[in-house]
Amino acid sequence: MSTRELIKMTAAERLAFLGEEMTVIVTSLGPNGWPHSMPMWFVVREGEVWMWTYRTSQKVRNLERDPRATLLVETGETYDQLRGVMVEAEAEVVDDFDAVQDLGRELGGRYAPGAEGPEAEAALAHQASKRVGIRFHPRRFVSWDHRKL
């Protein structure tokens with residue numbers, strides 16, 4: 001068996017890893033053809049990465065022009081601890097207010113647990129009115145877990 005096959009994560013391991021890590025680097029193609037990479041918070045829904053961002057952001061303009069994106073989540077400080085998942089995906093921009101608000105609530109539960117009540121809901125609604133959701137439909141995964149070596 002090749003080293004590449006030894007360090008590859010199973011689908012279950014990929015999902016667990018994505019559930020543990022907090023930041024995804026989203027790379028889209030900018031208007032000049034250069035990669036545009038940005039760190040984002042995310043949630044995983046049924047094996048797909050979802051995030052939200054401002055409707056007028058460069059990421060959204062890029063993905064509306066060309067929906068191809070590469071996502072990267074990685075961790076580890078020494079070679080024997082390196083782990084990561086790269087996803088080649090097609091992005092779908094979701095502009096439905098209720099769907100965006102639900103996504104914001106889910107993100108809030110992950111990144112700001114305990115922020116509840118009428119004030120939190122009002123702030124969420126205000127933010128959702130300016131944002132869109134982005135759903136990344138995976139086309140190919142590459143993964144590595146050097147701890148398996």
# chains A, B, ... in the order shown; residues from 1 in each chain; ligands from 1
$ select_by_dssp --residues "range 21-106 of chain A" --states "strand (DSSP E)" --output "PyMOL selection string"
chain A and resi 24-29+35-40+43-45+48-54+68-75+83-94
$ select_by_dssp --residues "range 45-107 of chain A" --states "helix (DSSP H, G or I)" --output "ChimeraX atom specification"
/A:58-65,79-81,97-107
$ write_last_selection --atoms "N, CA, C and O atoms" --output "CSV table (one decimal), in the first residue's frame"
chain,number,residue,atom,x,y,z
A,58,GLN,N,-16.4,40.1,-2.1
A,58,GLN,CA,-15.7,39.6,-3.2
A,58,GLN,C,-15.9,38.1,-3.5
A,58,GLN,O,-16.0,37.7,-4.6
A,59,LYS,N,-15.9,37.3,-2.4
A,59,LYS,CA,-16.1,35.9,-2.5
A,59,LYS,C,-17.4,35.6,-3.3
A,59,LYS,O,-17.5,34.8,-4.1
A,60,VAL,N,-18.5,36.3,-2.9
A,60,VAL,CA,-19.8,36.1,-3.5
A,60,VAL,C,-19.7,36.4,-5.0
A,60,VAL,O,-20.2,35.7,-5.9
A,61,ARG,N,-19.1,37.6,-5.3
A,61,ARG,CA,-19.0,38.0,-6.7
A,61,ARG,C,-18.2,37.0,-7.5
A,61,ARG,O,-18.6,36.6,-8.6
A,62,ASN,N,-17.1,36.5,-6.9
A,62,ASN,CA,-16.3,35.5,-7.6
A,62,ASN,C,-17.1,34.2,-7.8
A,62,ASN,O,-17.0,33.6,-8.9
A,63,LEU,N,-17.8,33.7,-6.8
A,63,LEU,CA,-18.5,32.4,-6.9
A,63,LEU,C,-19.7,32.5,-7.8
A,63,LEU,O,-20.1,31.5,-8.4
A,64,GLU,N,-20.3,33.7,-7.9
A,64,GLU,CA,-21.4,33.9,-8.9
A,64,GLU,C,-20.9,33.8,-10.3
A,64,GLU,O,-21.6,33.3,-11.2
A,65,ARG,N,-19.7,34.4,-10.5
A,65,ARG,CA,-19.1,34.4,-11.8
A,65,ARG,C,-18.6,33.0,-12.2
A,65,ARG,O,-18.7,32.5,-13.3
A,79,TYR,N,5.4,17.4,11.4
A,79,TYR,CA,5.1,16.6,10.3
A,79,TYR,C,4.3,15.4,10.7
A,79,TYR,O,3.3,15.0,10.0
A,80,ASP,N,4.6,14.8,11.8
A,80,ASP,CA,3.9,13.6,12.3
A,80,ASP,C,2.5,13.9,12.8
A,80,ASP,O,1.7,12.9,13.1
A,81,GLN,N,2.1,15.1,12.9
A,81,GLN,CA,0.8,15.5,13.4
A,81,GLN,C,-0.1,16.2,12.3
A,81,GLN,O,-1.2,16.6,12.6
A,97,PHE,N,-34.0,34.6,2.8
A,97,PHE,CA,-33.7,35.2,4.1
A,97,PHE,C,-33.9,34.1,5.2
A,97,PHE,O,-33.0,34.0,6.1
A,98,ASP,N,-35.0,33.3,5.2
A,98,ASP,CA,-35.2,32.3,6.2
A,98,ASP,C,-34.0,31.3,6.3
A,98,ASP,O,-33.6,30.9,7.4
A,99,ALA,N,-33.6,30.9,5.1
A,99,ALA,CA,-32.5,29.9,5.1
A,99,ALA,C,-31.2,30.5,5.6
A,99,ALA,O,-30.4,29.8,6.3
A,100,VAL,N,-30.9,31.8,5.2
A,100,VAL,CA,-29.7,32.5,5.7
A,100,VAL,C,-29.8,32.7,7.2
A,100,VAL,O,-28.8,32.5,7.9
A,101,GLN,N,-31.0,33.0,7.7
A,101,GLN,CA,-31.1,33.2,9.1
A,101,GLN,C,-30.9,31.9,9.9
A,101,GLN,O,-30.3,31.9,10.9
A,102,ASP,N,-31.5,30.8,9.4
A,102,ASP,CA,-31.3,29.5,10.0
A,102,ASP,C,-29.8,29.1,10.0
A,102,ASP,O,-29.3,28.6,11.0
A,103,LEU,N,-29.1,29.4,8.9
A,103,LEU,CA,-27.7,29.2,8.9
A,103,LEU,C,-26.9,30.0,9.9
A,103,LEU,O,-26.0,29.5,10.6
A,104,GLY,N,-27.3,31.3,10.0
A,104,GLY,CA,-26.7,32.1,11.0
A,104,GLY,C,-26.9,31.7,12.4
A,104,GLY,O,-26.0,31.7,13.2
A,105,ARG,N,-28.1,31.1,12.7
A,105,ARG,CA,-28.4,30.6,14.0
A,105,ARG,C,-27.5,29.4,14.3
A,105,ARG,O,-26.9,29.2,15.4
A,106,GLU,N,-27.3,28.5,13.2
A,106,GLU,CA,-26.5,27.3,13.4
A,106,GLU,C,-25.0,27.7,13.6
A,106,GLU,O,-24.3,27.1,14.4
A,107,LEU,N,-24.5,28.7,12.8
A,107,LEU,CA,-23.2,29.2,13.0
A,107,LEU,C,-23.0,29.8,14.4
A,107,LEU,O,-22.0,29.5,15.1
$ closest_residue --among "A:Arg83, A:His137, A:Val132, A:Glu88" --to "Val44 in chain A" --atoms "only C-alpha atoms"
A:His137
$ closest_residue --among "A:Gly108, A:Gly84, A:Pro138, A:Gly30" --to "Leu18 in chain A" --atoms "only C-alpha atoms"
A:Gly84
$ atom_distance --atom1 "CA of Gly133 in chain A" --atom2 "CA of Pro113 in chain A"
19.9 Å
$ closest_atom_pairs --of "range 28-129 of chain A" --to "range 11-15 of chain A" --cutoff "12 Å" --atoms "only C-alpha atoms" --output "JSON lines"
{"residue": "A:Val43", "atom": "CA", "partner": "A:Leu15", "partner_atom": "CA", "distance": 10.8}
{"residue": "A:Val44", "atom": "CA", "partner": "A:Leu15", "partner_atom": "CA", "distance": 8.0}
{"residue": "A:Arg45", "atom": "CA", "partner": "A:Leu15", "partner_atom": "CA", "distance": 9.9}
{"residue": "A:Glu46", "atom": "CA", "partner": "A:Leu15", "partner_atom": "CA", "distance": 9.2}
{"residue": "A:Gly47", "atom": "CA", "partner": "A:Leu15", "partner_atom": "CA", "distance": 6.7}
{"residue": "A:Glu48", "atom": "CA", "partner": "A:Leu15", "partner_atom": "CA", "distance": 9.3}
{"residue": "A:Val49", "atom": "CA", "partner": "A:Leu15", "partner_atom": "CA", "distance": 10.1}
{"residue": "A:Leu72", "atom": "CA", "partner": "A:Arg14", "partner_atom": "CA", "distance": 11.9}
{"residue": "A:Val73", "atom": "CA", "partner": "A:Arg14", "partner_atom": "CA", "distance": 10.2}
{"residue": "A:Glu74", "atom": "CA", "partner": "A:Arg14", "partner_atom": "CA", "distance": 11.2}
{"residue": "A:Arg83", "atom": "CA", "partner": "A:Arg14", "partner_atom": "CA", "distance": 9.9}
{"residue": "A:Gly84", "atom": "CA", "partner": "A:Arg14", "partner_atom": "CA", "distance": 8.4}
{"residue": "A:Val85", "atom": "CA", "partner": "A:Arg14", "partner_atom": "CA", "distance": 6.9}
{"residue": "A:Met86", "atom": "CA", "partner": "A:Arg14", "partner_atom": "CA", "distance": 9.8}
{"residue": "A:Val87", "atom": "CA", "partner": "A:Arg14", "partner_atom": "CA", "distance": 10.5}
$ closest_residue --among "A:Thr10, A:His126, A:Pro67, A:Phe136" --to "Val24 in chain A" --atoms "only C-alpha atoms"
A:Phe136
$ atom_distance --atom1 "CA of Ala69 in chain A" --atom2 "CA of Val142 in chain A"
13.8 Å
$ closest_residue --among "A:Arg140, A:Arg131, A:Lys8, A:Arg55" --to "Leu71 in chain A" --atoms "only C-alpha atoms"
A:Arg140
